[in-house]
Every structure is written in C-alpha cells, then in structure tokens.
$ cat data_11.txt   # compact mmCIF, C-alpha atoms and all ligand atoms
# COMPACT_ATOMS: atom_id res chain seq x y z
CA MET A 1 32.03 -28.76 12.21
CA SER A 2 31.08 -31.51 9.82
CA SER A 3 29.20 -31.08 6.59
CA ASP A 4 26.62 -33.81 6.40
CA ILE A 5 25.18 -32.93 3.03
CA VAL A 6 27.20 -32.12 -0.05
CA ILE A 7 25.94 -31.48 -3.55
CA GLN A 8 28.52 -31.68 -6.31
CA LEU A 9 27.84 -29.16 -9.10
CA GLY A 10 30.48 -29.39 -11.77
CA HIS A 11 33.78 -28.64 -10.05
CA SER A 12 32.08 -26.91 -7.10
CA GLN A 13 30.38 -28.13 -3.96
CA LEU A 14 27.36 -26.81 -2.13
CA GLN A 15 27.64 -27.87 1.52
CA LEU A 16 25.26 -27.53 4.44
CA LEU A 17 26.69 -27.10 7.93
CA LYS A 18 25.16 -26.58 11.34
CA GLY A 19 26.96 -24.27 13.76
CA ASP A 20 28.53 -20.87 14.32
CA ILE A 21 29.54 -19.24 11.03
CA THR A 22 32.31 -17.24 12.74
CA THR A 23 34.27 -20.47 13.33
CA VAL A 24 34.21 -21.71 9.74
CA ALA A 25 37.36 -20.92 7.75
CA VAL A 26 36.55 -19.64 4.25
CA ASP A 27 37.75 -16.87 1.94
CA ALA A 28 34.59 -14.79 2.46
CA ILE A 29 31.99 -14.86 5.22
CA VAL A 30 28.63 -13.35 4.37
CA ASN A 31 26.96 -11.26 7.07
CA ALA A 32 23.21 -10.63 7.40
CA ALA A 33 23.48 -6.86 7.83
CA ASN A 34 21.06 -3.92 7.68
CA SER A 35 20.97 -1.15 5.11
CA GLN A 36 22.43 1.33 7.60
CA LEU A 37 25.45 -1.01 7.96
CA ALA A 38 25.15 -0.15 11.63
CA GLY A 39 25.72 -3.56 13.19
CA GLY A 40 23.10 -5.30 15.27
CA GLY A 41 22.22 -8.59 16.92
CA GLY A 42 22.02 -12.11 15.54
CA VAL A 43 24.72 -13.19 13.16
CA ASP A 44 25.69 -9.54 12.54
CA GLY A 45 26.52 -9.14 16.23
CA ALA A 46 28.43 -12.43 16.29
CA ILE A 47 30.49 -11.49 13.22
CA HIS A 48 31.41 -8.06 14.61
CA ARG A 49 32.30 -9.52 18.01
CA ALA A 50 34.50 -12.19 16.49
CA GLY A 51 36.01 -9.95 13.80
CA GLY A 52 36.80 -7.04 16.09
CA PRO A 53 36.40 -3.27 15.75
CA GLU A 54 38.16 -2.97 12.40
CA LEU A 55 35.04 -4.26 10.66
CA MET A 56 32.93 -1.37 11.95
CA ALA A 57 35.76 1.08 11.24
CA GLU A 58 35.71 -0.02 7.60
CA LEU A 59 31.93 0.19 7.48
CA ASP A 60 32.14 3.74 8.85
CA VAL A 61 34.28 4.69 5.85
CA ILE A 62 31.91 2.95 3.41
CA ARG A 63 28.92 4.66 5.03
CA SER A 64 30.60 8.04 4.67
CA GLN A 65 31.07 7.28 0.95
CA ILE A 66 27.78 5.66 -0.07
CA GLY A 67 25.43 6.39 2.83
CA ARG A 68 23.65 3.05 2.95
CA CYS A 69 23.52 -0.30 1.22
CA ASP A 70 20.42 -1.16 -0.80
CA THR A 71 18.42 -4.26 0.08
CA GLY A 72 19.58 -7.20 -2.04
CA LYS A 73 23.11 -5.77 -2.31
CA ALA A 74 26.28 -6.12 -0.23
CA VAL A 75 29.41 -4.20 0.73
CA VAL A 76 32.86 -5.66 1.34
CA THR A 77 35.21 -5.27 4.29
CA GLY A 78 38.23 -7.14 5.56
CA ALA A 79 37.56 -9.88 8.08
CA GLY A 80 39.58 -8.70 11.09
CA LYS A 81 40.18 -11.64 13.41
CA LEU A 82 37.72 -13.94 11.61
CA PRO A 83 39.17 -16.96 9.78
CA ALA A 84 38.53 -15.33 6.39
CA LYS A 85 39.87 -12.69 4.00
CA TYR A 86 36.65 -10.74 3.58
CA VAL A 87 33.23 -10.16 5.05
CA PHE A 88 30.45 -9.45 2.56
CA HIS A 89 27.78 -7.49 4.43
CA ALA A 90 24.58 -8.39 2.59
CA VAL A 91 21.27 -6.67 3.26
CA GLY A 92 18.36 -9.08 3.15
CA PRO A 93 14.74 -8.02 2.81
CA VAL A 94 12.54 -7.45 5.84
CA TYR A 95 9.67 -9.87 5.25
CA ARG A 96 6.24 -8.25 5.01
CA ASP A 97 3.85 -10.46 3.05
CA GLY A 98 5.96 -11.89 0.22
CA LYS A 99 4.47 -9.41 -2.26
CA HIS A 100 7.11 -6.73 -1.87
CA ARG A 101 9.82 -8.35 -4.00
CA GLU A 102 11.10 -10.30 -0.98
CA PRO A 103 11.96 -13.48 -2.95
CA GLU A 104 13.78 -11.52 -5.66
CA LEU A 105 15.67 -9.42 -3.10
CA LEU A 106 16.68 -12.43 -1.04
CA ALA A 107 17.96 -14.27 -4.14
CA SER A 108 19.82 -11.11 -5.09
CA CYS A 109 21.75 -11.21 -1.79
CA TYR A 110 23.06 -14.68 -2.62
CA ARG A 111 23.87 -13.86 -6.24
CA THR A 112 25.52 -10.54 -5.36
CA CYS A 113 27.83 -12.22 -2.85
CA LEU A 114 28.70 -15.05 -5.23
CA ASP A 115 29.54 -12.44 -7.89
CA LEU A 116 31.72 -10.55 -5.39
CA ALA A 117 33.57 -13.78 -4.60
CA ALA A 118 34.07 -14.57 -8.28
CA GLU A 119 35.39 -11.05 -8.99
CA ARG A 120 38.04 -11.63 -6.31
CA ASP A 121 38.91 -15.15 -7.51
CA LEU A 122 37.91 -16.60 -4.15
CA LYS A 123 37.64 -20.35 -3.64
CA SER A 124 35.19 -20.54 -0.74
CA ILE A 125 32.33 -18.59 0.81
CA SER A 126 29.91 -19.17 3.68
CA PHE A 127 26.38 -17.82 4.08
CA PRO A 128 24.14 -17.63 7.13
CA SER A 129 20.40 -18.00 6.68
CA ILE A 130 19.85 -14.41 5.54
CA SER A 131 16.62 -12.64 6.64
CA THR A 132 15.23 -15.60 8.61
CA GLY A 133 15.89 -14.15 12.08
CA VAL A 134 14.92 -10.59 12.99
CA TYR A 135 13.79 -9.95 9.40
CA ALA A 136 11.19 -12.73 9.76
CA TYR A 137 11.46 -14.34 6.33
CA PRO A 138 9.60 -17.69 6.51
CA LEU A 139 12.36 -20.25 6.90
CA ASP A 140 11.00 -22.85 4.50
CA ASP A 141 10.74 -20.34 1.65
CA ALA A 142 14.08 -18.69 2.43
CA ALA A 143 15.91 -22.03 2.61
CA GLU A 144 14.51 -23.06 -0.77
CA ILE A 145 15.62 -19.76 -2.31
CA ALA A 146 19.09 -20.06 -0.77
CA VAL A 147 19.67 -23.62 -1.99
CA LYS A 148 18.23 -23.11 -5.47
CA THR A 149 19.87 -19.72 -6.07
CA VAL A 150 23.33 -20.93 -5.07
CA ALA A 151 22.99 -24.14 -7.08
CA ALA A 152 21.82 -22.28 -10.19
CA TRP A 153 24.67 -19.79 -9.87
CA LEU A 154 27.26 -22.59 -9.54
CA VAL A 155 25.87 -24.35 -12.60
CA ASP A 156 26.12 -21.11 -14.59
CA HIS A 157 29.61 -20.07 -13.42
CA ARG A 158 32.75 -22.16 -13.88
CA GLY A 159 35.21 -19.87 -12.11
CA SER A 160 37.38 -19.99 -9.02
CA LEU A 161 34.67 -20.78 -6.49
CA ARG A 162 34.91 -24.40 -5.33
CA THR A 163 32.96 -24.44 -2.07
CA VAL A 164 29.81 -22.68 -0.95
CA LYS A 165 28.78 -23.38 2.63
CA LEU A 166 25.27 -22.64 3.86
CA VAL A 167 25.50 -22.48 7.65
CA GLN A 168 22.49 -22.97 9.92
CA PHE A 169 22.59 -22.04 13.57
CA SER A 170 19.95 -24.47 14.89
CA ASP A 171 19.03 -28.12 14.38
CA PHE A 172 15.60 -27.07 13.23
CA ASP A 173 16.95 -24.70 10.56
CA HIS A 174 19.45 -27.34 9.47
CA GLU A 175 16.69 -29.91 8.94
CA VAL A 176 14.72 -27.46 6.79
CA TYR A 177 17.77 -26.70 4.65
CA ARG A 178 18.52 -30.44 4.41
CA LYS A 179 15.05 -31.05 3.05
CA HIS A 180 15.56 -28.55 0.24
CA ALA A 181 19.10 -29.69 -0.50
CA SER A 182 17.96 -33.32 -0.67
CA ALA A 183 15.18 -32.37 -3.06
CA LEU A 184 17.67 -30.53 -5.23
CA ARG A 185 20.15 -33.39 -5.12
CA GLY A 186 17.43 -35.72 -6.29
CA HIS A 187 17.28 -33.67 -9.48
CA MET A 188 21.01 -33.32 -10.04
CA ALA A 189 23.25 -35.85 -11.73
CA GLY A 190 26.45 -36.64 -9.85
CA GLY A 191 25.25 -35.63 -6.37
CA SER A 192 26.73 -37.44 -3.42
CA SER A 193 26.46 -37.72 0.34
CA ALA A 194 29.51 -37.22 2.52
N1 LIG B 1 26.29 -18.35 13.00
C1 LIG B 1 25.39 -18.73 12.06
N2 LIG B 1 24.11 -18.29 12.05
C2 LIG B 1 23.74 -17.46 13.04
C3 LIG B 1 24.62 -17.03 14.06
C4 LIG B 1 25.95 -17.52 14.01
N3 LIG B 1 26.87 -17.15 14.92
N4 LIG B 1 23.93 -16.19 14.90
C5 LIG B 1 22.68 -16.12 14.43
N5 LIG B 1 22.55 -16.89 13.31
P1 LIG B 1 19.56 -12.58 11.94
P2 LIG B 1 18.29 -11.23 9.63
C6 LIG B 1 21.37 -17.13 12.47
O1 LIG B 1 18.49 -12.08 12.83
O2 LIG B 1 17.01 -11.95 9.85
C7 LIG B 1 20.65 -7.88 12.75
O3 LIG B 1 20.41 -7.12 13.88
C8 LIG B 1 20.02 -16.91 13.08
O4 LIG B 1 19.66 -18.01 13.92
O5 LIG B 1 20.96 -12.51 12.40
O6 LIG B 1 18.82 -11.14 8.24
C9 LIG B 1 21.17 -7.08 11.59
O7 LIG B 1 21.93 -5.97 12.01
C10 LIG B 1 19.16 -16.84 11.83
O8 LIG B 1 18.87 -18.15 11.37
O9 LIG B 1 19.52 -11.81 10.49
C11 LIG B 1 19.92 -6.64 10.89
O10 LIG B 1 19.39 -5.47 11.47
C12 LIG B 1 20.08 -16.18 10.81
O11 LIG B 1 21.39 -16.21 11.40
C13 LIG B 1 18.99 -7.80 11.13
O12 LIG B 1 19.44 -8.45 12.31
C14 LIG B 1 19.73 -14.76 10.45
O13 LIG B 1 19.19 -14.10 11.58
C15 LIG B 1 19.05 -8.79 9.99
O14 LIG B 1 18.09 -9.78 10.21
$ encode --input "data_11.txt" --output "structure tokens"
Amino acid sequence: MSSDIVIQLGHSQLQLLKGDITTVAVDAIVNAANSQLAGGGGVDGAIHRAGGPELMAELDVIRSQIGRCDTGKAVVTGAGKLPAKYVFHAVGPVYRDGKHREPELLASCYRTCLDLAAERDLKSISFPSISTGVYAYPLDDAAEIAVKTVAAWLVDHRGSLRTVKLVQFSDFDHEVYRKHASALRGHMAGGSSA
C-alpha cells in the first residue's frame, strides 16, 4: 500500500494511506473500539478477525480489572497475528450534535494513543478514521481533527515515534483526509510529497 501524501514534522512523518489497516506493518495498530471493549463490526471486527482470539482473551482480562474504557481513552493488548506488537483499543465518541465534547474526546483518542506509543518507545503507529463509521462523526470534521491533532503532537514531542500512518478505507475518505493534510502541509515548513 503506497503512501501518497507525507508531511515531514521534525524527525517524524505523518503519512496518509488508503487500504486495510490490518495489512499495514507498524509497532502499534489503533482500533476503533467501544467502551465495553466487546468487539464489533467495522475496523474493530477486521482487527479481531486478523489478530485472532488472543486479542479478545486479553480484553476479557482487562474488562475484569477495569470494567470498561472511558470515551477518549484506550487500552493496550498484544497484536496476535497482526503485523504489529500492540493494538491500542481506543474508544471514540458517538456523534450526537457536536455539543457533547465530541471534538475534544476524538482528539483525546489520538493523543492518548500517541502517548501510549511514546511510553513504549515505539517507532510507528497506524490509526483508522476513528468514530466516522458506526459512531457517525462527520468525516470532514473528524479528518481535520485527526490530521491537526497528530501533527501538533508530533511537533510537541521529539521522542521515538518516527511514523504515524492515518489509514482510510475508501477513496472518498482518503480524498477528504488528503484535503486536510494538504492544507496543513501548506502551513508547514519542510513538507514534501512522496
Ligand atoms: N481498515 C481501515 N479502516 C477500516 C477498516 C479496515 N479494515 N474497516 C473499516 N474501516 P467503524 P467507529 C473504517 O464503524 O465509527 C464497531 O462496531 C470505516 O470505513 O469501524 O469508531 C466498534 O465495536 C470507517 O471509516 O468505527 C464500535 O462499537 C472507520 O474505519 C463502533 O463500531 C471507522 O468506522 C465504533 O464505531
């Protein structure tokens, strides 16, 4: 899967990719989970199918310890058969009207997972388009939050993380993300196309 837009931010890269996140090799794959950590459809279903039953077995243990995961937060499991070391199961907000802290909670998902990666000295992480499927977050707004939140975090943190991949499943989603990434790149010094 090729990355057709790359933004260089210090020693790190923000990349956009179109395709199936379960096929992209990274240190940590972010899942768009639910607060019950119960599995589901969409990218959650794809990640559990590709990772195998050990992911849910680990989530069962976490659930027995903490009950549920708050919206805007994430829990960590191994990655089973996925081409990764970890899965970060992030809980995005269900979109209601945008006045129930949805933007803040969505940004928190991205920041929480980037912090989890940094704590583990990981070099690469991939994100799906959190909340924009079943949770109905308007894509244009969610894509802008994803791109800007990741870029701001990379500018503020000079740690191990070298590559952040935002993965879109459809051409349409990819175009919307491209629009926001291009706008961001226009404001950044040292950006480049690849
Ligand atoms: N690779 C990359 N992106 C994907 C893939 C894939 N294999 N499959 C789907 N997407 P959603 P949400 C995209 O609904 O809105 C689940 O049931 C999809 O096209 O998966 O955060 C959970 O258990 C969309 O752009 O997540 C929760 O209950 C994006 O992933 C709930 O859905 C997110 O869509 C979470 O809803």
$ closest_atom_pairs --input "data_11.txt" --of "chain A" --to "ligand LIG 1 (chain B)" --cutoff "10 Å" --atoms "all atoms listed in the file" --output "Markdown table"
| residue | atom | partner | partner_atom | distance |
| --- | --- | --- | --- | --- |
| A:Leu17 | CA | B:LIG1 | C1 | 9.4 |
| A:Lys18 | CA | B:LIG1 | C1 | 7.9 |
| A:Gly19 | CA | B:LIG1 | C1 | 6.0 |
| A:Asp20 | CA | B:LIG1 | N1 | 3.6 |
| A:Ile21 | CA | B:LIG1 | N1 | 3.9 |
| A:Thr22 | CA | B:LIG1 | N3 | 5.9 |
| A:Thr23 | CA | B:LIG1 | N1 | 8.3 |
| A:Val24 | CA | B:LIG1 | N1 | 9.2 |
| A:Val30 | CA | B:LIG1 | C1 | 9.9 |
| A:Asn31 | CA | B:LIG1 | O5 | 8.1 |
| A:Ala32 | CA | B:LIG1 | O6 | 4.5 |
| A:Ala33 | CA | B:LIG1 | C9 | 4.4 |
| A:Asn34 | CA | B:LIG1 | C11 | 4.4 |
| A:Ser35 | CA | B:LIG1 | O10 | 7.8 |
| A:Gln36 | CA | B:LIG1 | O10 | 8.4 |
| A:Leu37 | CA | B:LIG1 | O7 | 7.3 |
| A:Ala38 | CA | B:LIG1 | O7 | 6.7 |
| A:Gly39 | CA | B:LIG1 | O7 | 4.6 |
| A:Gly40 | CA | B:LIG1 | O7 | 3.5 |
| A:Gly41 | CA | B:LIG1 | O3 | 3.8 |
| A:Gly42 | CA | B:LIG1 | O5 | 3.3 |
| A:Val43 | CA | B:LIG1 | N4 | 3.6 |
| A:Asp44 | CA | B:LIG1 | O7 | 5.2 |
| A:Gly45 | CA | B:LIG1 | O3 | 6.9 |
| A:Ala46 | CA | B:LIG1 | N3 | 5.2 |
| A:Ile47 | CA | B:LIG1 | N3 | 6.9 |
| A:Arg49 | CA | B:LIG1 | N3 | 9.9 |
| A:Ala50 | CA | B:LIG1 | N3 | 9.2 |
| A:His89 | CA | B:LIG1 | O7 | 9.7 |
| A:Ala90 | CA | B:LIG1 | O6 | 8.5 |
| A:Val91 | CA | B:LIG1 | O6 | 7.1 |
| A:Gly92 | CA | B:LIG1 | O6 | 5.5 |
| A:Pro93 | CA | B:LIG1 | O6 | 7.5 |
| A:Val94 | CA | B:LIG1 | O14 | 7.4 |
| A:Tyr95 | CA | B:LIG1 | O2 | 8.9 |
| A:Leu106 | CA | B:LIG1 | O6 | 9.6 |
| A:Ser126 | CA | B:LIG1 | C1 | 9.5 |
| A:Phe127 | CA | B:LIG1 | C1 | 8.1 |
| A:Pro128 | CA | B:LIG1 | N2 | 5.0 |
| A:Ser129 | CA | B:LIG1 | C12 | 4.5 |
| A:Ile130 | CA | B:LIG1 | O6 | 4.4 |
| A:Ser131 | CA | B:LIG1 | O6 | 3.1 |
| A:Thr132 | CA | B:LIG1 | O2 | 4.2 |
| A:Gly133 | CA | B:LIG1 | O2 | 3.3 |
| A:Val134 | CA | B:LIG1 | O1 | 3.9 |
| A:Tyr135 | CA | B:LIG1 | O2 | 3.8 |
| A:Ala136 | CA | B:LIG1 | O2 | 5.9 |
| A:Tyr137 | CA | B:LIG1 | O2 | 7.0 |
| A:Pro138 | CA | B:LIG1 | O2 | 10.0 |
| A:Leu139 | CA | B:LIG1 | O8 | 8.2 |
| A:Leu166 | CA | B:LIG1 | C1 | 9.1 |
| A:Val167 | CA | B:LIG1 | C1 | 5.8 |
| A:Gln168 | CA | B:LIG1 | N2 | 5.4 |
| A:Phe169 | CA | B:LIG1 | N2 | 4.3 |
| A:Ser170 | CA | B:LIG1 | O4 | 6.5 |
| A:Phe172 | CA | B:LIG1 | O8 | 9.7 |
| A:Asp173 | CA | B:LIG1 | O8 | 6.9 |
| A:His174 | CA | B:LIG1 | O8 | 9.4 |
$ write_last_selection --input "data_11.txt" --atoms "C-alpha atoms" --output "PDB file, in the coordinates of the input"
ATOM      1  CA  LEU A  17      26.690 -27.100   7.930  1.00  0.00           C
ATOM      2  CA  LYS A  18      25.160 -26.580  11.340  1.00  0.00           C
ATOM      3  CA  GLY A  19      26.960 -24.270  13.760  1.00  0.00           C
ATOM      4  CA  ASP A  20      28.530 -20.870  14.320  1.00  0.00           C
ATOM      5  CA  ILE A  21      29.540 -19.240  11.030  1.00  0.00           C
ATOM      6  CA  THR A  22      32.310 -17.240  12.740  1.00  0.00           C
ATOM      7  CA  THR A  23      34.270 -20.470  13.330  1.00  0.00           C
ATOM      8  CA  VAL A  24      34.210 -21.710   9.740  1.00  0.00           C
ATOM      9  CA  VAL A  30      28.630 -13.350   4.370  1.00  0.00           C
ATOM     10  CA  ASN A  31      26.960 -11.260   7.070  1.00  0.00           C
ATOM     11  CA  ALA A  32      23.210 -10.630   7.400  1.00  0.00           C
ATOM     12  CA  ALA A  33      23.480  -6.860   7.830  1.00  0.00           C
ATOM     13  CA  ASN A  34      21.060  -3.920   7.680  1.00  0.00           C
ATOM     14  CA  SER A  35      20.970  -1.150   5.110  1.00  0.00           C
ATOM     15  CA  GLN A  36      22.430   1.330   7.600  1.00  0.00           C
ATOM     16  CA  LEU A  37      25.450  -1.010   7.960  1.00  0.00           C
ATOM     17  CA  ALA A  38      25.150  -0.150  11.630  1.00  0.00           C
ATOM     18  CA  GLY A  39      25.720  -3.560  13.190  1.00  0.00           C
ATOM     19  CA  GLY A  40      23.100  -5.300  15.270  1.00  0.00           C
ATOM     20  CA  GLY A  41      22.220  -8.590  16.920  1.00  0.00           C
ATOM     21  CA  GLY A  42      22.020 -12.110  15.540  1.00  0.00           C
ATOM     22  CA  VAL A  43      24.720 -13.190  13.160  1.00  0.00           C
ATOM     23  CA  ASP A  44      25.690  -9.540  12.540  1.00  0.00           C
ATOM     24  CA  GLY A  45      26.520  -9.140  16.230  1.00  0.00           C
ATOM     25  CA  ALA A  46      28.430 -12.430  16.290  1.00  0.00           C
ATOM     26  CA  ILE A  47      30.490 -11.490  13.220  1.00  0.00           C
ATOM     27  CA  ARG A  49      32.300  -9.520  18.010  1.00  0.00           C
ATOM     28  CA  ALA A  50      34.500 -12.190  16.490  1.00  0.00           C
ATOM     29  CA  HIS A  89      27.780  -7.490   4.430  1.00  0.00           C
ATOM     30  CA  ALA A  90      24.580  -8.390   2.590  1.00  0.00           C
ATOM     31  CA  VAL A  91      21.270  -6.670   3.260  1.00  0.00           C
ATOM     32  CA  GLY A  92      18.360  -9.080   3.150  1.00  0.00           C
ATOM     33  CA  PRO A  93      14.740  -8.020   2.810  1.00  0.00           C
ATOM     34  CA  VAL A  94      12.540  -7.450   5.840  1.00  0.00           C
ATOM     35  CA  TYR A  95       9.670  -9.870   5.250  1.00  0.00           C
ATOM     36  CA  LEU A 106      16.680 -12.430  -1.040  1.00  0.00           C
ATOM     37  CA  SER A 126      29.910 -19.170   3.680  1.00  0.00           C
ATOM     38  CA  PHE A 127      26.380 -17.820   4.080  1.00  0.00           C
ATOM     39  CA  PRO A 128      24.140 -17.630   7.130  1.00  0.00           C
ATOM     40  CA  SER A 129      20.400 -18.000   6.680  1.00  0.00           C
ATOM     41  CA  ILE A 130      19.850 -14.410   5.540  1.00  0.00           C
ATOM     42  CA  SER A 131      16.620 -12.640   6.640  1.00  0.00           C
ATOM     43  CA  THR A 132      15.230 -15.600   8.610  1.00  0.00           C
ATOM     44  CA  GLY A 133      15.890 -14.150  12.080  1.00  0.00           C
ATOM     45  CA  VAL A 134      14.920 -10.590  12.990  1.00  0.00           C
ATOM     46  CA  TYR A 135      13.790  -9.950   9.400  1.00  0.00           C
ATOM     47  CA  ALA A 136      11.190 -12.730   9.760  1.00  0.00           C
ATOM     48  CA  TYR A 137      11.460 -14.340   6.330  1.00  0.00           C
ATOM     49  CA  PRO A 138       9.600 -17.690   6.510  1.00  0.00           C
ATOM     50  CA  LEU A 139      12.360 -20.250   6.900  1.00  0.00           C
ATOM     51  CA  LEU A 166      25.270 -22.640   3.860  1.00  0.00           C
ATOM     52  CA  VAL A 167      25.500 -22.480   7.650  1.00  0.00           C
ATOM     53  CA  GLN A 168      22.490 -22.970   9.920  1.00  0.00           C
ATOM     54  CA  PHE A 169      22.590 -22.040  13.570  1.00  0.00           C
ATOM     55  CA  SER A 170      19.950 -24.470  14.890  1.00  0.00           C
ATOM     56  CA  PHE A 172      15.600 -27.070  13.230  1.00  0.00           C
ATOM     57  CA  ASP A 173      16.950 -24.700  10.560  1.00  0.00           C
ATOM     58  CA  HIS A 174      19.450 -27.340   9.470  1.00  0.00           C
TER      59      HIS A 174
END
$ residues_around --input "data_11.txt" --residues "Val164 in chain A" --least-positions-apart "5" --cutoff "10 Å" --atoms "all atoms listed in the file" --output "list of chain:residue names"
A:Val6, A:Ile7, A:Ser12, A:Gln13, A:Leu14, A:Gln15, A:Leu16, A:Val26, A:Ala28, A:Leu114, A:Lys123, A:Ser124, A:Ile125, A:Ser126, A:Phe127, A:Val150, A:Ala151, A:Leu154
$ atom_distance --input "data_11.txt" --atom1 "CA of Pro83 in chain A" --atom2 "CA of Ala25 in chain A"
4.8 Å
$ atom_distance --input "data_11.txt" --atom1 "CA of Glu104 in chain A" --atom2 "CA of Cys69 in chain A"
16.4 Å
$ closest_residue --input "data_11.txt" --among "A:Ala79, A:Val87, A:Leu105, A:Val147" --to "Lys179 in chain A" --atoms "only C-alpha atoms"
A:Val147
$ residues_around --input "data_11.txt" --residues "Asp140 in chain A" --least-positions-apart "6" --cutoff "9 Å" --atoms "only C-alpha atoms" --output "list in words"
Asp173, Val176, Tyr177 and His180 of chain A
$ atom_distance --input "data_11.txt" --atom1 "CA of Gly72 in chain A" --atom2 "CA of Lys165 in chain A"
19.2 Å
$ build_atoms --input "data_11.txt" --residues "range 107-115 of chain A" --atoms "all heavy atoms" --output "mmCIF file, in the coordinates of the input"
data_model
loop_
_atom_site.group_PDB
_atom_site.id
_atom_site.type_symbol
_atom_site.label_atom_id
_atom_site.label_comp_id
_atom_site.auth_asym_id
_atom_site.auth_seq_id
_atom_site.Cartn_x
_atom_site.Cartn_y
_atom_site.Cartn_z
ATOM 1 N N ALA A 107 17.104 -13.596 -3.142
ATOM 2 C CA ALA A 107 17.960 -14.270 -4.140
ATOM 3 C C ALA A 107 19.094 -13.354 -4.568
ATOM 4 O O ALA A 107 20.234 -13.795 -4.758
ATOM 5 C CB ALA A 107 17.115 -14.697 -5.338
ATOM 6 N N SER A 108 18.796 -12.073 -4.697
ATOM 7 C CA SER A 108 19.820 -11.110 -5.090
ATOM 8 C C SER A 108 20.977 -11.050 -4.087
ATOM 9 O O SER A 108 22.132 -10.879 -4.471
ATOM 10 C CB SER A 108 19.185 -9.719 -5.269
ATOM 11 O OG SER A 108 20.168 -8.741 -5.430
ATOM 12 N N CYS A 109 20.676 -11.189 -2.801
ATOM 13 C CA CYS A 109 21.750 -11.210 -1.790
ATOM 14 C C CYS A 109 22.741 -12.336 -2.091
ATOM 15 O O CYS A 109 23.959 -12.144 -2.055
ATOM 16 C CB CYS A 109 21.182 -11.464 -0.396
ATOM 17 S SG CYS A 109 20.332 -10.086 0.336
ATOM 18 N N TYR A 110 22.186 -13.529 -2.356
ATOM 19 C CA TYR A 110 23.060 -14.680 -2.620
ATOM 20 C C TYR A 110 23.854 -14.469 -3.899
ATOM 21 O O TYR A 110 25.083 -14.658 -3.924
ATOM 22 C CB TYR A 110 22.233 -15.973 -2.663
ATOM 23 C CG TYR A 110 21.755 -16.382 -1.277
ATOM 24 C CD1 TYR A 110 20.518 -15.990 -0.800
ATOM 25 C CD2 TYR A 110 22.584 -17.113 -0.437
ATOM 26 C CE1 TYR A 110 20.090 -16.333 0.491
ATOM 27 C CE2 TYR A 110 22.175 -17.457 0.850
ATOM 28 C CZ TYR A 110 20.930 -17.063 1.295
ATOM 29 O OH TYR A 110 20.526 -17.394 2.570
ATOM 30 N N ARG A 111 23.170 -14.044 -4.962
ATOM 31 C CA ARG A 111 23.870 -13.860 -6.240
ATOM 32 C C ARG A 111 24.917 -12.757 -6.156
ATOM 33 O O ARG A 111 26.028 -12.893 -6.681
ATOM 34 C CB ARG A 111 22.867 -13.535 -7.344
ATOM 35 C CG ARG A 111 22.162 -14.769 -7.884
ATOM 36 C CD ARG A 111 21.483 -14.462 -9.209
ATOM 37 N NE ARG A 111 20.358 -13.578 -9.004
ATOM 38 C CZ ARG A 111 19.102 -13.983 -8.831
ATOM 39 N NH1 ARG A 111 18.817 -15.275 -8.833
ATOM 40 N NH2 ARG A 111 18.142 -13.119 -8.641
ATOM 41 N N THR A 112 24.570 -11.661 -5.491
ATOM 42 C CA THR A 112 25.520 -10.540 -5.360
ATOM 43 C C THR A 112 26.800 -11.011 -4.668
ATOM 44 O O THR A 112 27.910 -10.686 -5.102
ATOM 45 C CB THR A 112 24.885 -9.390 -4.547
ATOM 46 O OG1 THR A 112 23.753 -8.906 -5.264
ATOM 47 C CG2 THR A 112 25.870 -8.255 -4.316
ATOM 48 N N CYS A 113 26.650 -11.766 -3.597
ATOM 49 C CA CYS A 113 27.830 -12.220 -2.850
ATOM 50 C C CYS A 113 28.645 -13.236 -3.650
ATOM 51 O O CYS A 113 29.882 -13.216 -3.609
ATOM 52 C CB CYS A 113 27.420 -12.788 -1.501
ATOM 53 S SG CYS A 113 26.791 -11.524 -0.378
ATOM 54 N N LEU A 114 27.973 -14.101 -4.385
ATOM 55 C CA LEU A 114 28.700 -15.050 -5.230
ATOM 56 C C LEU A 114 29.466 -14.305 -6.321
ATOM 57 O O LEU A 114 30.625 -14.638 -6.628
ATOM 58 C CB LEU A 114 27.725 -16.070 -5.825
ATOM 59 C CG LEU A 114 27.092 -17.020 -4.794
ATOM 60 C CD1 LEU A 114 25.880 -17.726 -5.377
ATOM 61 C CD2 LEU A 114 28.119 -18.040 -4.289
ATOM 62 N N ASP A 115 28.845 -13.264 -6.884
ATOM 63 C CA ASP A 115 29.540 -12.440 -7.890
ATOM 64 C C ASP A 115 30.757 -11.748 -7.268
ATOM 65 O O ASP A 115 31.827 -11.676 -7.889
ATOM 66 C CB ASP A 115 28.596 -11.381 -8.460
ATOM 67 C CG ASP A 115 27.527 -11.962 -9.383
ATOM 68 O OD1 ASP A 115 27.684 -13.107 -9.858
ATOM 69 O OD2 ASP A 115 26.522 -11.269 -9.616
#
